[in-house]
Structure formats: C-alpha cells, structure tokens
Amino acid sequence: VQLQASGGGLVQAGDSLRLSCVASGRTSSSGTMGWFRQAPGKDREFVAAITWPGGRTYVADSVKGRFTISSNSAKNTVFLQMNSLKPEDTAVYYCAADRRTYITSDSVSRDGSYDYWGQGTQVTVSS
C-alpha cells in the first residue's frame, strides 16, 4: 500500500485547509486510516482516524470541533478538513493506514498501530 498526502500550505490563523491522502496498491474495503502530525522538536501526535467497515471516526481532543476526517465512497482517499487553524497547528501532517480495523480510541491513536505511512505534507499557520 502506498499513501500520497497532499493539500498542505501556508495559511493565516483562522483559515481552512483540506488535506487528502490517496491510498494505492493492495488496498482493502476494511481497515483504518489516520492522520498524525509532528511539529518541530515535538513527538508525532495523533490527529484523527477513520475505520471501515462502518466509517467510525476518531478525533483528538486538541482539534475536536475544528478538524473533521472523512473518506470517499471508494475508501481509497481520506480527507482531513481543518478549520479555524491556529499557529499551534503548524506541523508536518502524515497519513497512515493499516489493514486492521481498530475499535478503540487508544488503538487508533498509537502510531505503532499503522503499517503504512505517507511522506507528509507541511502545514504552516501564521499568526
């Protein structure tokens, strides 16, 4: 499975961005896809995830109410809609995928749960 993330950029505080992650290769109709981010000098942190079948979503408390994760009907593209962006959202955003369908927030939020990772896309929010 190959993951290609896109949609990052430089925006001002309060703006919106939508990140996309396209999965190709031996994809499946079940599994988990997620977004993580890593700011300079900080550990990578969980942002959001979606699981199939069912389309259940998980969103980190730090972005809840501002970020939304969704997918297309083919389940090979995941989107991260980011609204009301803040300077502290500045980071490299990575998409990740795993063939397993995780069912707890603890499991989807651990980066060790994912076997496949994209290259990352930079999001910079200026104040």
# chains A, B, ... in the order shown; residues from 1 in each chain; ligands from 1
call {"tool": "residues_around", "arguments": {"residues": "Val59 of chain A", "least_positions_apart": "6", "cutoff": "10 Å", "atoms": "only C-alpha atoms", "output": "ChimeraX atom specification"}}
result
/A:34-35,46-50,65-69,105,108-109
call {"tool": "select_by_dssp", "arguments": {"residues": "chain A", "states": "strand (DSSP E or B)", "output": "count of residues only"}}
result
64
call {"tool": "closest_atom_pairs", "arguments": {"of": "segment 3-72 of chain A", "to": "segment 115-125 of chain A", "cutoff": "12 Å", "atoms": "only C-alpha atoms", "output": "tab-separated table"}}
result
residue	atom	partner	partner_atom	distance
A:Leu3	CA	A:Gly118	CA	4.5
A:Gln4	CA	A:Gly118	CA	5.5
A:Ala5	CA	A:Gly120	CA	6.1
A:Ser6	CA	A:Thr121	CA	5.9
A:Gly7	CA	A:Thr121	CA	7.1
A:Gly8	CA	A:Val123	CA	4.8
A:Gly9	CA	A:Val123	CA	5.1
A:Leu10	CA	A:Thr124	CA	4.7
A:Val11	CA	A:Val125	CA	5.0
A:Gln12	CA	A:Val125	CA	5.2
A:Ala13	CA	A:Val125	CA	5.7
A:Gly14	CA	A:Val125	CA	8.7
A:Asp15	CA	A:Val125	CA	8.4
A:Ser16	CA	A:Val125	CA	9.8
A:Leu17	CA	A:Val123	CA	8.7
A:Arg18	CA	A:Val123	CA	10.3
A:Leu19	CA	A:Thr121	CA	8.3
A:Ser20	CA	A:Thr121	CA	9.6
A:Cys21	CA	A:Gly118	CA	7.9
A:Val22	CA	A:Gly118	CA	9.1
A:Ala23	CA	A:Gly118	CA	9.0
A:Ser24	CA	A:Gly118	CA	11.0
A:Gly25	CA	A:Tyr116	CA	11.3
A:Arg26	CA	A:Tyr116	CA	11.5
A:Thr27	CA	A:Tyr116	CA	11.0
A:Gly31	CA	A:Asp115	CA	11.1
A:Thr32	CA	A:Asp115	CA	10.3
A:Met33	CA	A:Tyr116	CA	9.2
A:Gly34	CA	A:Trp117	CA	9.5
A:Trp35	CA	A:Trp117	CA	9.6
A:Phe36	CA	A:Gly120	CA	9.2
A:Arg37	CA	A:Gly120	CA	8.5
A:Gln38	CA	A:Gly120	CA	9.4
A:Ala39	CA	A:Gln122	CA	9.6
A:Pro40	CA	A:Gln122	CA	11.2
A:Arg44	CA	A:Gly120	CA	11.6
call {"tool": "closest_residue", "arguments": {"among": "A:Val63, A:Ala97, A:Ile103, A:Ala91", "to": "Lys75 of chain A", "atoms": "only C-alpha atoms"}}
result
A:Ala97
call {"tool": "atom_distance", "arguments": {"atom1": "atom CA of Ser84 of chain A", "atom2": "atom CA of Ser113 of chain A"}}
result
28.9 Å
call {"tool": "select_by_dssp", "arguments": {"residues": "chain A", "states": "alpha helix (DSSP H)", "output": "PDB file with all heavy atoms, in the first residue's frame"}}
result
ATOM      1  N   SER A 105     -10.271   3.987  20.759  1.00  0.00           N
ATOM      2  CA  SER A 105      -9.550   5.231  20.529  1.00  0.00           C
ATOM      3  C   SER A 105      -8.075   5.070  20.877  1.00  0.00           C
ATOM      4  O   SER A 105      -7.208   5.697  20.259  1.00  0.00           O
ATOM      5  CB  SER A 105     -10.179   6.361  21.340  1.00  0.00           C
ATOM      6  OG  SER A 105     -10.204   6.037  22.718  1.00  0.00           O
ATOM      7  N   ASP A 106      -7.781   4.221  21.848  1.00  0.00           N
ATOM      8  CA  ASP A 106      -6.392   4.002  22.217  1.00  0.00           C
ATOM      9  C   ASP A 106      -5.620   3.359  21.074  1.00  0.00           C
ATOM     10  O   ASP A 106      -4.488   3.752  20.769  1.00  0.00           O
ATOM     11  CB  ASP A 106      -6.315   3.109  23.464  1.00  0.00           C
ATOM     12  CG  ASP A 106      -4.881   2.835  23.878  1.00  0.00           C
ATOM     13  OD1 ASP A 106      -4.181   3.797  24.247  1.00  0.00           O
ATOM     14  OD2 ASP A 106      -4.444   1.672  23.803  1.00  0.00           O
ATOM     15  N   SER A 107      -6.226   2.402  20.392  1.00  0.00           N
ATOM     16  CA  SER A 107      -5.522   1.712  19.318  1.00  0.00           C
ATOM     17  C   SER A 107      -5.350   2.589  18.093  1.00  0.00           C
ATOM     18  O   SER A 107      -4.301   2.585  17.458  1.00  0.00           O
ATOM     19  CB  SER A 107      -6.238   0.408  18.960  1.00  0.00           C
ATOM     20  OG  SER A 107      -7.591   0.653  18.636  1.00  0.00           O
ATOM     21  N   VAL A 108      -6.349   3.371  17.729  1.00  0.00           N
ATOM     22  CA  VAL A 108      -6.205   4.206  16.519  1.00  0.00           C
ATOM     23  C   VAL A 108      -5.246   5.360  16.749  1.00  0.00           C
ATOM     24  O   VAL A 108      -4.714   5.919  15.783  1.00  0.00           O
ATOM     25  CB  VAL A 108      -7.567   4.754  16.029  1.00  0.00           C
ATOM     26  CG1 VAL A 108      -8.537   3.630  15.714  1.00  0.00           C
ATOM     27  CG2 VAL A 108      -8.169   5.754  17.013  1.00  0.00           C
TER      28      VAL A 108
END
call {"tool": "closest_residue", "arguments": {"among": "A:Trp52, A:Tyr58, A:Tyr102, A:Tyr114", "to": "Ser73 of chain A", "atoms": "only C-alpha atoms"}}
result
A:Trp52
call {"tool": "residues_around", "arguments": {"residues": "Pro53 of chain A", "least_positions_apart": "4", "cutoff": "8 Å", "atoms": "only C-alpha atoms", "output": "CSV table (one decimal) with C-alpha atoms, in the first residue's frame"}}
result
chain,number,residue,atom,x,y,z
A,29,SER,CA,-12.5,-2.3,1.9
A,30,SER,CA,-11.7,-2.7,5.6
A,31,GLY,CA,-9.0,-1.2,7.8
A,101,THR,CA,-10.0,-2.3,11.8
call {"tool": "atom_distance", "arguments": {"atom1": "atom CA of Thr51 of chain A", "atom2": "atom CA of Asp89 of chain A"}}
result
23.6 Å
